[in-house]
Amino acid sequence: MRYISNSVHRSKVYENTLQTLGGPNAKLFQTLRDALSFAAALGYREKRRLKLDEKAGREDIQAQIYNGNDAVDLIFAIALAEVKSAEILKPTNEKECIQIFEEYANGGLALITEWIERYPDIDVEDAIWRGLKIIGFTPDTGSLAENNSKVEF
């Protein structure tokens, strides 16, 4: 398993969305890390890479929150898929790997925010499922609401 030594950043622009997904009162993800990982995978799938708005400010997730679990592997997998060269996996390129992950997570959060705003009359989970259906994702085992379970990675 790989480890990172640098923090992962997130834009304050989508902080409310992130907290809704994985904050203390969230129903979908147990942690902000998990919610951000989902957003990054979604952003990559939808080719939504969005730089963090430095003017809006940013929050950090310390490296040790990612280390020791599968979330750190997703950082490197997305970077590898983006760059299409194993050179990106060299330790000297860690910051670039994290930046790629951050930008796809930011893009994914932008998309999730659009879905939540498009469907304000339903709960967040259903808004996300509707959004996922729009982009062609259909779960094999039914919706989260039907299964009454959380998304886990």
# chains A, B, ... in the order shown; residues from 1 in each chain; ligands from 1
>>> select_by_dssp(residues="chain A", states="helix (DSSP H, G or I)", output="ChimeraX atom specification")
/A:12-22,32-45,54-56,63-66,70-83,86-89,91-118,124-134,144-147
>>> residues_around(residues="Val8 in chain A", least_positions_apart="6", cutoff="9 Å", atoms="only C-alpha atoms", output="PyMOL selection string")
chain A and resi 59-63+66+98-99+101-102
>>> residues_around(residues="Glu114 in chain A", least_positions_apart="5", cutoff="12 Å", atoms="only C-alpha atoms", output="JSON, numbers by chain")
{"A": [14, 17, 107, 108, 109, 119, 120, 124, 127, 128, 130, 131, 132]}
>>> atom_distance(atom1="CA of Leu89 in chain A", atom2="CA of Arg33 in chain A")
20.9 Å
>>> atom_distance(atom1="CA of Ala35 in chain A", atom2="CA of Arg58 in chain A")
16.2 Å
>>> decode(residues="range 10-42 of chain A", atoms="N, CA and C atoms", output="PDB file, in the first residue's frame")
ATOM      1  N   ARG A  10      -9.277  20.671  -0.376  1.00  0.00           N
ATOM      2  CA  ARG A  10     -10.598  20.786  -0.966  1.00  0.00           C
ATOM      3  C   ARG A  10     -11.000  22.252  -0.933  1.00  0.00           C
ATOM      4  N   SER A  11     -11.733  22.670  -1.953  1.00  0.00           N
ATOM      5  CA  SER A  11     -12.154  24.050  -2.073  1.00  0.00           C
ATOM      6  C   SER A  11     -13.310  24.335  -1.117  1.00  0.00           C
ATOM      7  N   LYS A  12     -13.300  25.505  -0.519  1.00  0.00           N
ATOM      8  CA  LYS A  12     -14.420  25.898   0.336  1.00  0.00           C
ATOM      9  C   LYS A  12     -15.684  26.172  -0.479  1.00  0.00           C
ATOM     10  N   VAL A  13     -15.536  26.302  -1.795  1.00  0.00           N
ATOM     11  CA  VAL A  13     -16.698  26.546  -2.654  1.00  0.00           C
ATOM     12  C   VAL A  13     -17.745  25.453  -2.459  1.00  0.00           C
ATOM     13  N   TYR A  14     -17.314  24.207  -2.332  1.00  0.00           N
ATOM     14  CA  TYR A  14     -18.243  23.074  -2.230  1.00  0.00           C
ATOM     15  C   TYR A  14     -18.259  22.453  -0.838  1.00  0.00           C
ATOM     16  N   GLU A  15     -17.841  23.204   0.155  1.00  0.00           N
ATOM     17  CA  GLU A  15     -17.771  22.679   1.518  1.00  0.00           C
ATOM     18  C   GLU A  15     -19.140  22.243   2.033  1.00  0.00           C
ATOM     19  N   ASN A  16     -20.183  23.006   1.751  1.00  0.00           N
ATOM     20  CA  ASN A  16     -21.524  22.617   2.213  1.00  0.00           C
ATOM     21  C   ASN A  16     -21.949  21.288   1.605  1.00  0.00           C
ATOM     22  N   THR A  17     -21.687  21.109   0.324  1.00  0.00           N
ATOM     23  CA  THR A  17     -22.025  19.843  -0.329  1.00  0.00           C
ATOM     24  C   THR A  17     -21.234  18.702   0.302  1.00  0.00           C
ATOM     25  N   LEU A  18     -19.951  18.909   0.507  1.00  0.00           N
ATOM     26  CA  LEU A  18     -19.112  17.861   1.091  1.00  0.00           C
ATOM     27  C   LEU A  18     -19.587  17.499   2.496  1.00  0.00           C
ATOM     28  N   GLN A  19     -19.903  18.493   3.291  1.00  0.00           N
ATOM     29  CA  GLN A  19     -20.388  18.228   4.649  1.00  0.00           C
ATOM     30  C   GLN A  19     -21.721  17.483   4.620  1.00  0.00           C
ATOM     31  N   THR A  20     -22.561  17.780   3.633  1.00  0.00           N
ATOM     32  CA  THR A  20     -23.837  17.084   3.489  1.00  0.00           C
ATOM     33  C   THR A  20     -23.611  15.610   3.159  1.00  0.00           C
ATOM     34  N   LEU A  21     -22.572  15.344   2.380  1.00  0.00           N
ATOM     35  CA  LEU A  21     -22.275  13.967   1.974  1.00  0.00           C
ATOM     36  C   LEU A  21     -21.575  13.161   3.056  1.00  0.00           C
ATOM     37  N   GLY A  22     -20.602  13.778   3.731  1.00  0.00           N
ATOM     38  CA  GLY A  22     -19.761  13.000   4.635  1.00  0.00           C
ATOM     39  C   GLY A  22     -19.464  13.653   5.968  1.00  0.00           C
ATOM     40  N   GLY A  23     -20.201  14.684   6.321  1.00  0.00           N
ATOM     41  CA  GLY A  23     -19.987  15.355   7.590  1.00  0.00           C
ATOM     42  C   GLY A  23     -20.604  14.586   8.750  1.00  0.00           C
ATOM     43  N   PRO A  24     -20.584  15.182   9.923  1.00  0.00           N
ATOM     44  CA  PRO A  24     -21.044  14.492  11.135  1.00  0.00           C
ATOM     45  C   PRO A  24     -22.514  14.033  11.091  1.00  0.00           C
ATOM     46  N   ASN A  25     -23.361  14.746  10.364  1.00  0.00           N
ATOM     47  CA  ASN A  25     -24.780  14.389  10.308  1.00  0.00           C
ATOM     48  C   ASN A  25     -25.176  13.755   8.976  1.00  0.00           C
ATOM     49  N   ALA A  26     -24.197  13.381   8.178  1.00  0.00           N
ATOM     50  CA  ALA A  26     -24.457  12.840   6.836  1.00  0.00           C
ATOM     51  C   ALA A  26     -24.917  11.397   6.903  1.00  0.00           C
ATOM     52  N   LYS A  27     -25.726  11.010   5.913  1.00  0.00           N
ATOM     53  CA  LYS A  27     -26.224   9.636   5.838  1.00  0.00           C
ATOM     54  C   LYS A  27     -25.497   8.811   4.776  1.00  0.00           C
ATOM     55  N   LEU A  28     -24.845   9.462   3.827  1.00  0.00           N
ATOM     56  CA  LEU A  28     -24.278   8.727   2.695  1.00  0.00           C
ATOM     57  C   LEU A  28     -22.898   8.143   2.956  1.00  0.00           C
ATOM     58  N   PHE A  29     -21.993   8.944   3.486  1.00  0.00           N
ATOM     59  CA  PHE A  29     -20.615   8.498   3.693  1.00  0.00           C
ATOM     60  C   PHE A  29     -20.227   8.698   5.151  1.00  0.00           C
ATOM     61  N   GLN A  30     -19.400   7.820   5.651  1.00  0.00           N
ATOM     62  CA  GLN A  30     -19.002   7.889   7.052  1.00  0.00           C
ATOM     63  C   GLN A  30     -17.993   9.004   7.313  1.00  0.00           C
ATOM     64  N   THR A  31     -17.209   9.373   6.289  1.00  0.00           N
ATOM     65  CA  THR A  31     -16.174  10.385   6.484  1.00  0.00           C
ATOM     66  C   THR A  31     -16.135  11.351   5.301  1.00  0.00           C
ATOM     67  N   LEU A  32     -15.543  12.506   5.540  1.00  0.00           N
ATOM     68  CA  LEU A  32     -15.308  13.454   4.453  1.00  0.00           C
ATOM     69  C   LEU A  32     -14.369  12.853   3.426  1.00  0.00           C
ATOM     70  N   ARG A  33     -13.394  12.079   3.877  1.00  0.00           N
ATOM     71  CA  ARG A  33     -12.462  11.404   2.973  1.00  0.00           C
ATOM     72  C   ARG A  33     -13.208  10.513   1.989  1.00  0.00           C
ATOM     73  N   ASP A  34     -14.151   9.734   2.489  1.00  0.00           N
ATOM     74  CA  ASP A  34     -14.914   8.847   1.624  1.00  0.00           C
ATOM     75  C   ASP A  34     -15.773   9.633   0.638  1.00  0.00           C
ATOM     76  N   ALA A  35     -16.387  10.700   1.107  1.00  0.00           N
ATOM     77  CA  ALA A  35     -17.210  11.535   0.228  1.00  0.00           C
ATOM     78  C   ALA A  35     -16.353  12.195  -0.841  1.00  0.00           C
ATOM     79  N   LEU A  36     -15.173  12.671  -0.468  1.00  0.00           N
ATOM     80  CA  LEU A  36     -14.275  13.304  -1.428  1.00  0.00           C
ATOM     81  C   LEU A  36     -13.759  12.276  -2.439  1.00  0.00           C
ATOM     82  N   SER A  37     -13.521  11.065  -1.994  1.00  0.00           N
ATOM     83  CA  SER A  37     -13.083   9.998  -2.892  1.00  0.00           C
ATOM     84  C   SER A  37     -14.170   9.670  -3.913  1.00  0.00           C
ATOM     85  N   PHE A  38     -15.417   9.597  -3.457  1.00  0.00           N
ATOM     86  CA  PHE A  38     -16.536   9.372  -4.371  1.00  0.00           C
ATOM     87  C   PHE A  38     -16.605  10.504  -5.390  1.00  0.00           C
ATOM     88  N   ALA A  39     -16.485  11.739  -4.912  1.00  0.00           N
ATOM     89  CA  ALA A  39     -16.541  12.898  -5.812  1.00  0.00           C
ATOM     90  C   ALA A  39     -15.413  12.848  -6.834  1.00  0.00           C
ATOM     91  N   ALA A  40     -14.221  12.431  -6.427  1.00  0.00           N
ATOM     92  CA  ALA A  40     -13.085  12.346  -7.349  1.00  0.00           C
ATOM     93  C   ALA A  40     -13.330  11.281  -8.418  1.00  0.00           C
ATOM     94  N   ALA A  41     -13.847  10.131  -8.016  1.00  0.00           N
ATOM     95  CA  ALA A  41     -14.147   9.072  -8.987  1.00  0.00           C
ATOM     96  C   ALA A  41     -15.230   9.540  -9.958  1.00  0.00           C
ATOM     97  N   LEU A  42     -16.233  10.222  -9.452  1.00  0.00           N
ATOM     98  CA  LEU A  42     -17.296  10.762 -10.298  1.00  0.00           C
ATOM     99  C   LEU A  42     -16.741  11.822 -11.242  1.00  0.00           C
TER     100      LEU A  42
END
